[in-house]
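What follows is the content of start-v6.cif, which has mmCIF, C-alpha atoms; chains and numbers go by the auth columns:
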data_query
loop_
_atom_site.group_PDB
_atom_site.id
_atom_site.type_symbol
_atom_site.label_atom_id
_atom_site.label_comp_id
_atom_site.label_asym_id
_atom_site.label_seq_id
_atom_site.Cartn_x
_atom_site.Cartn_y
_atom_site.Cartn_z
_atom_site.B_iso_or_equiv
_atom_site.auth_seq_id
_atom_site.auth_asym_id
ATOM 1 C CA MET A 1 -35.155 48.536 -6.394 0.00 1 A
ATOM 2 C CA ASP A 2 -32.213 46.688 -7.976 0.00 2 A
ATOM 3 C CA LYS A 3 -30.279 46.828 -4.725 0.00 3 A
ATOM 4 C CA GLU A 4 -33.159 45.222 -2.837 0.00 4 A
ATOM 5 C CA LYS A 5 -33.505 42.557 -5.520 0.00 5 A
ATOM 6 C CA ASN A 6 -29.773 41.715 -5.293 0.00 6 A
ATOM 7 C CA GLN A 7 -29.977 41.415 -1.504 0.00 7 A
ATOM 8 C CA ASN A 8 -32.827 38.915 -1.726 0.00 8 A
ATOM 9 C CA GLN A 9 -31.136 36.857 -4.411 0.00 9 A
ATOM 10 C CA SER A 10 -28.876 34.094 -3.176 0.00 10 A
ATOM 11 C CA THR A 11 -26.269 32.185 -5.082 0.00 11 A
ATOM 12 C CA LYS A 12 -25.550 28.485 -4.927 0.00 12 A
ATOM 13 C CA ASP A 13 -22.323 29.271 -3.080 0.00 13 A
ATOM 14 C CA SER A 14 -24.163 31.167 -0.345 0.00 14 A
ATOM 15 C CA LYS A 15 -26.532 28.229 0.275 0.00 15 A
ATOM 16 C CA TYR A 16 -23.595 26.061 1.262 0.00 16 A
ATOM 17 C CA ILE A 17 -21.324 28.669 2.792 0.00 17 A
ATOM 18 C CA GLN A 18 -20.157 26.473 5.701 0.00 18 A
ATOM 19 C CA GLN A 19 -19.158 23.680 3.339 0.00 19 A
ATOM 20 C CA HIS A 20 -17.277 26.110 1.095 0.00 20 A
ATOM 21 C CA MET A 21 -15.462 27.584 4.082 0.00 21 A
ATOM 22 C CA ALA A 22 -14.522 24.074 5.262 0.00 22 A
ATOM 23 C CA ASN A 23 -13.303 23.317 1.740 0.00 23 A
ATOM 24 C CA GLU A 24 -11.123 26.424 1.856 0.00 24 A
ATOM 25 C CA ARG A 25 -9.702 25.450 5.265 0.00 25 A
ATOM 26 C CA THR A 26 -8.871 22.021 3.864 0.00 26 A
ATOM 27 C CA LEU A 27 -7.038 23.631 0.932 0.00 27 A
ATOM 28 C CA LEU A 28 -5.009 25.764 3.321 0.00 28 A
ATOM 29 C CA ALA A 29 -4.186 22.709 5.466 0.00 29 A
ATOM 30 C CA TRP A 30 -2.883 20.866 2.382 0.00 30 A
ATOM 31 C CA ILE A 31 -0.757 23.895 1.481 0.00 31 A
ATOM 32 C CA ARG A 32 0.677 23.994 5.029 0.00 32 A
ATOM 33 C CA THR A 33 1.427 20.287 4.729 0.00 33 A
ATOM 34 C CA ALA A 34 3.193 20.866 1.398 0.00 34 A
ATOM 35 C CA ILE A 35 5.309 23.628 2.920 0.00 35 A
ATOM 36 C CA ALA A 36 6.253 21.332 5.815 0.00 36 A
ATOM 37 C CA ILE A 37 7.240 18.534 3.404 0.00 37 A
ATOM 38 C CA ILE A 38 9.428 20.913 1.411 0.00 38 A
ATOM 39 C CA GLY A 39 10.942 22.292 4.624 0.00 39 A
ATOM 40 C CA VAL A 40 11.859 18.835 5.912 0.00 40 A
ATOM 41 C CA GLY A 41 13.583 18.073 2.607 0.00 41 A
ATOM 42 C CA PHE A 42 15.629 21.262 2.831 0.00 42 A
ATOM 43 C CA LEU A 43 16.435 20.564 6.471 0.00 43 A
ATOM 44 C CA VAL A 44 17.801 17.075 5.808 0.00 44 A
ATOM 45 C CA THR A 45 19.780 18.241 2.786 0.00 45 A
ATOM 46 C CA ASN A 46 21.291 21.205 4.621 0.00 46 A
ATOM 47 C CA LEU A 47 22.131 19.180 7.716 0.00 47 A
ATOM 48 C CA HIS A 48 23.778 16.521 5.579 0.00 48 A
ATOM 49 C CA PHE A 49 26.054 18.918 3.757 0.00 49 A
ATOM 50 C CA THR A 50 27.047 20.788 6.943 0.00 50 A
ATOM 51 C CA MET A 51 28.212 17.536 8.615 0.00 51 A
ATOM 52 C CA LYS A 52 31.559 17.221 6.888 0.00 52 A
ATOM 53 C CA SER A 53 32.915 14.435 9.106 0.00 53 A
ATOM 54 C CA ARG A 54 30.426 11.745 8.047 0.00 54 A
ATOM 55 C CA VAL A 55 29.828 12.564 4.381 0.00 55 A
ATOM 56 C CA THR A 56 29.802 9.616 1.969 0.00 56 A
ATOM 57 C CA ILE A 57 28.942 9.404 -1.709 0.00 57 A
ATOM 58 C CA LEU A 58 25.863 7.291 -0.962 0.00 58 A
ATOM 59 C CA GLY A 59 24.853 9.764 1.752 0.00 59 A
ATOM 60 C CA ASP A 60 25.226 12.625 -0.727 0.00 60 A
ATOM 61 C CA ILE A 61 23.027 10.826 -3.240 0.00 61 A
ATOM 62 C CA LEU A 62 20.344 10.021 -0.652 0.00 62 A
ATOM 63 C CA ALA A 63 20.379 13.589 0.710 0.00 63 A
ATOM 64 C CA ASN A 64 19.901 14.950 -2.801 0.00 64 A
ATOM 65 C CA ILE A 65 17.091 12.450 -3.484 0.00 65 A
ATOM 66 C CA ILE A 66 15.360 13.450 -0.250 0.00 66 A
ATOM 67 C CA GLY A 67 15.680 17.152 -1.054 0.00 67 A
ATOM 68 C CA ILE A 68 14.488 16.872 -4.647 0.00 68 A
ATOM 69 C CA SER A 69 11.673 14.426 -3.896 0.00 69 A
ATOM 70 C CA SER A 70 10.440 16.586 -1.010 0.00 70 A
ATOM 71 C CA VAL A 71 10.216 19.625 -3.272 0.00 71 A
ATOM 72 C CA VAL A 72 8.483 17.603 -6.010 0.00 72 A
ATOM 73 C CA LEU A 73 6.058 16.082 -3.493 0.00 73 A
ATOM 74 C CA GLY A 74 5.348 19.526 -2.029 0.00 74 A
ATOM 75 C CA ILE A 75 4.579 20.966 -5.461 0.00 75 A
ATOM 76 C CA ALA A 76 2.440 17.924 -6.317 0.00 76 A
ATOM 77 C CA THR A 77 0.563 18.334 -3.026 0.00 77 A
ATOM 78 C CA ILE A 78 -0.218 21.973 -3.791 0.00 78 A
ATOM 79 C CA ALA A 79 -1.327 21.132 -7.350 0.00 79 A
ATOM 80 C CA LEU A 80 -3.570 18.283 -6.181 0.00 80 A
ATOM 81 C CA ALA A 81 -4.985 20.453 -3.392 0.00 81 A
ATOM 82 C CA ILE A 82 -5.960 23.170 -5.860 0.00 82 A
ATOM 83 C CA ILE A 83 -7.477 20.657 -8.288 0.00 83 A
ATOM 84 C CA THR A 84 -9.534 18.950 -5.576 0.00 84 A
ATOM 85 C CA TYR A 85 -10.587 22.342 -4.161 0.00 85 A
ATOM 86 C CA ILE A 86 -12.002 23.379 -7.526 0.00 86 A
ATOM 87 C CA GLN A 87 -13.709 20.014 -7.986 0.00 87 A
ATOM 88 C CA LYS A 88 -15.236 20.222 -4.508 0.00 88 A
ATOM 89 C CA VAL A 89 -16.696 23.680 -5.168 0.00 89 A
ATOM 90 C CA ASP A 90 -18.802 22.276 -7.997 0.00 90 A
ATOM 91 C CA ALA A 91 -19.578 19.069 -6.098 0.00 91 A
ATOM 92 C CA ILE A 92 -20.800 21.006 -3.061 0.00 92 A
ATOM 93 C CA ASN A 93 -23.012 23.255 -5.177 0.00 93 A
ATOM 94 C CA ASN A 94 -24.448 20.270 -7.067 0.00 94 A
ATOM 95 C CA GLN A 95 -24.770 18.209 -3.877 0.00 95 A
ATOM 96 C CA SER A 96 -22.720 15.446 -5.470 0.00 96 A
ATOM 97 C CA PHE A 97 -19.690 15.534 -3.183 0.00 97 A
ATOM 98 C CA ARG A 98 -17.510 12.427 -2.937 0.00 98 A
ATOM 99 C CA ALA A 99 -14.427 12.076 -0.802 0.00 99 A
ATOM 100 C CA PRO A 100 -11.194 12.260 -2.887 0.00 100 A
ATOM 101 C CA ARG A 101 -9.794 8.819 -2.051 0.00 101 A
ATOM 102 C CA LEU A 102 -7.328 8.641 -4.946 0.00 102 A
ATOM 103 C CA THR A 103 -5.652 11.930 -4.031 0.00 103 A
ATOM 104 C CA VAL A 104 -5.214 10.901 -0.409 0.00 104 A
ATOM 105 C CA ILE A 105 -3.897 7.457 -1.379 0.00 105 A
ATOM 106 C CA LEU A 106 -1.374 8.885 -3.871 0.00 106 A
ATOM 107 C CA LEU A 107 -0.048 11.480 -1.463 0.00 107 A
ATOM 108 C CA GLY A 108 0.125 8.882 1.297 0.00 108 A
ATOM 109 C CA LEU A 109 2.172 6.568 -0.919 0.00 109 A
ATOM 110 C CA PHE A 110 4.548 9.385 -1.867 0.00 110 A
ATOM 111 C CA VAL A 111 5.088 10.245 1.797 0.00 111 A
ATOM 112 C CA ILE A 112 5.762 6.579 2.586 0.00 112 A
ATOM 113 C CA VAL A 113 8.376 6.423 -0.197 0.00 113 A
ATOM 114 C CA ILE A 114 10.122 9.530 1.130 0.00 114 A
ATOM 115 C CA ALA A 115 9.992 8.107 4.674 0.00 115 A
ATOM 116 C CA VAL A 116 11.658 4.902 3.449 0.00 116 A
ATOM 117 C CA VAL A 117 14.411 6.950 1.780 0.00 117 A
ATOM 118 C CA PHE A 118 14.787 8.918 5.050 0.00 118 A
ATOM 119 C CA GLY A 119 15.172 5.618 6.901 0.00 119 A
ATOM 120 C CA MET A 120 17.782 4.395 4.435 0.00 120 A
ATOM 121 C CA TYR A 121 19.647 7.676 4.793 0.00 121 A
ATOM 122 C CA PHE A 122 19.818 7.480 8.577 0.00 122 A
ATOM 123 C CA ILE A 123 20.729 3.784 8.580 0.00 123 A
ATOM 124 C CA ILE A 124 23.527 4.236 6.040 0.00 124 A
ATOM 125 C CA LEU A 125 24.828 7.462 7.565 0.00 125 A
#
This structure in structure tokens:
Amino acid sequence: MDKEKNQNQSTKDSKYIQQHMANERTLLAWIRTAIAIIGVGFLVTNLHFTMKSRVTILGDILANIIGISSVVLGIATIALAIITYIQKVDAINNQSFRAPRLTVILLGLFVIVIAVVFGMYFIIL
């Protein structure tokens, strides 16, 4: 009897299963993006320090800034992705979902800053 009762009972999560699955895919996409950002930072830093012929002090500083800021941005992206994922779970269940504009704007600005530093690096190098 209890088994039959449990099968007929639905949770809030199961009512909106497609939205929750889309939310999870979005989280995983943000994590992939964070990994790519970190990877690009490592790539630039490693390429810089293997090119011995064109190394300058300013180039060293910019390469280190790119590497460190890429790792920080990647970690921030993962943290924000997890926070927004958790917030969206409740918002979906309560049917009060709002698009996370602030998160997207902040991450976009951070990426623009890193891109500007990349540009400076390649111009100066």
Any chance you could work out the axis-aligned box around range 105-122 of chain A, listed atoms only, 5 Å on each side, giving centre and edge lengths in Å to one decimal, as AutoDock Vina command-line options?
--center_x 8.0 --center_y 7.9 --center_z 2.4 --size_x 33.7 --size_y 17.1 --size_z 22.4
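Residue nearest Asn64 in chain A within the list A:Phe42, A:Tyr16, A:Phe122, A:Phe110: A:Phe42 [criterion: smallest interatomic distance, only C-alpha atoms].
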Closest-contact table, range 22-54 of chain A side, partner range 76-90 of chain A, 8 Å, counting all atoms listed in the file, as CSV:
residue,atom,partner,partner_atom,distance
A:Asn23,CA,A:Tyr85,CA,6.6
A:Glu24,CA,A:Tyr85,CA,7.3
A:Leu27,CA,A:Ala81,CA,5.7
A:Trp30,CA,A:Ala81,CA,6.2
A:Ile31,CA,A:Ile78,CA,5.6
A:Ala34,CA,A:Thr77,CA,5.7
Query raised in the report: Any idea what the distance is between CA of Thr45 in chain A and CA of Val117 in chain A?
Result: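 Separation of CA of Thr45 in chain A and CA of Val117 in chain A: 12.5 Å.
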**Report entry** Best match for closeness to Gly74 in chain A among A:Ile38, A:Leu109, A:Met51, A:Leu102, counting all atoms listed in the file
**Finding:**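 Using all atoms listed in the file, Gly74 in chain A sits closest to A:Ile38.
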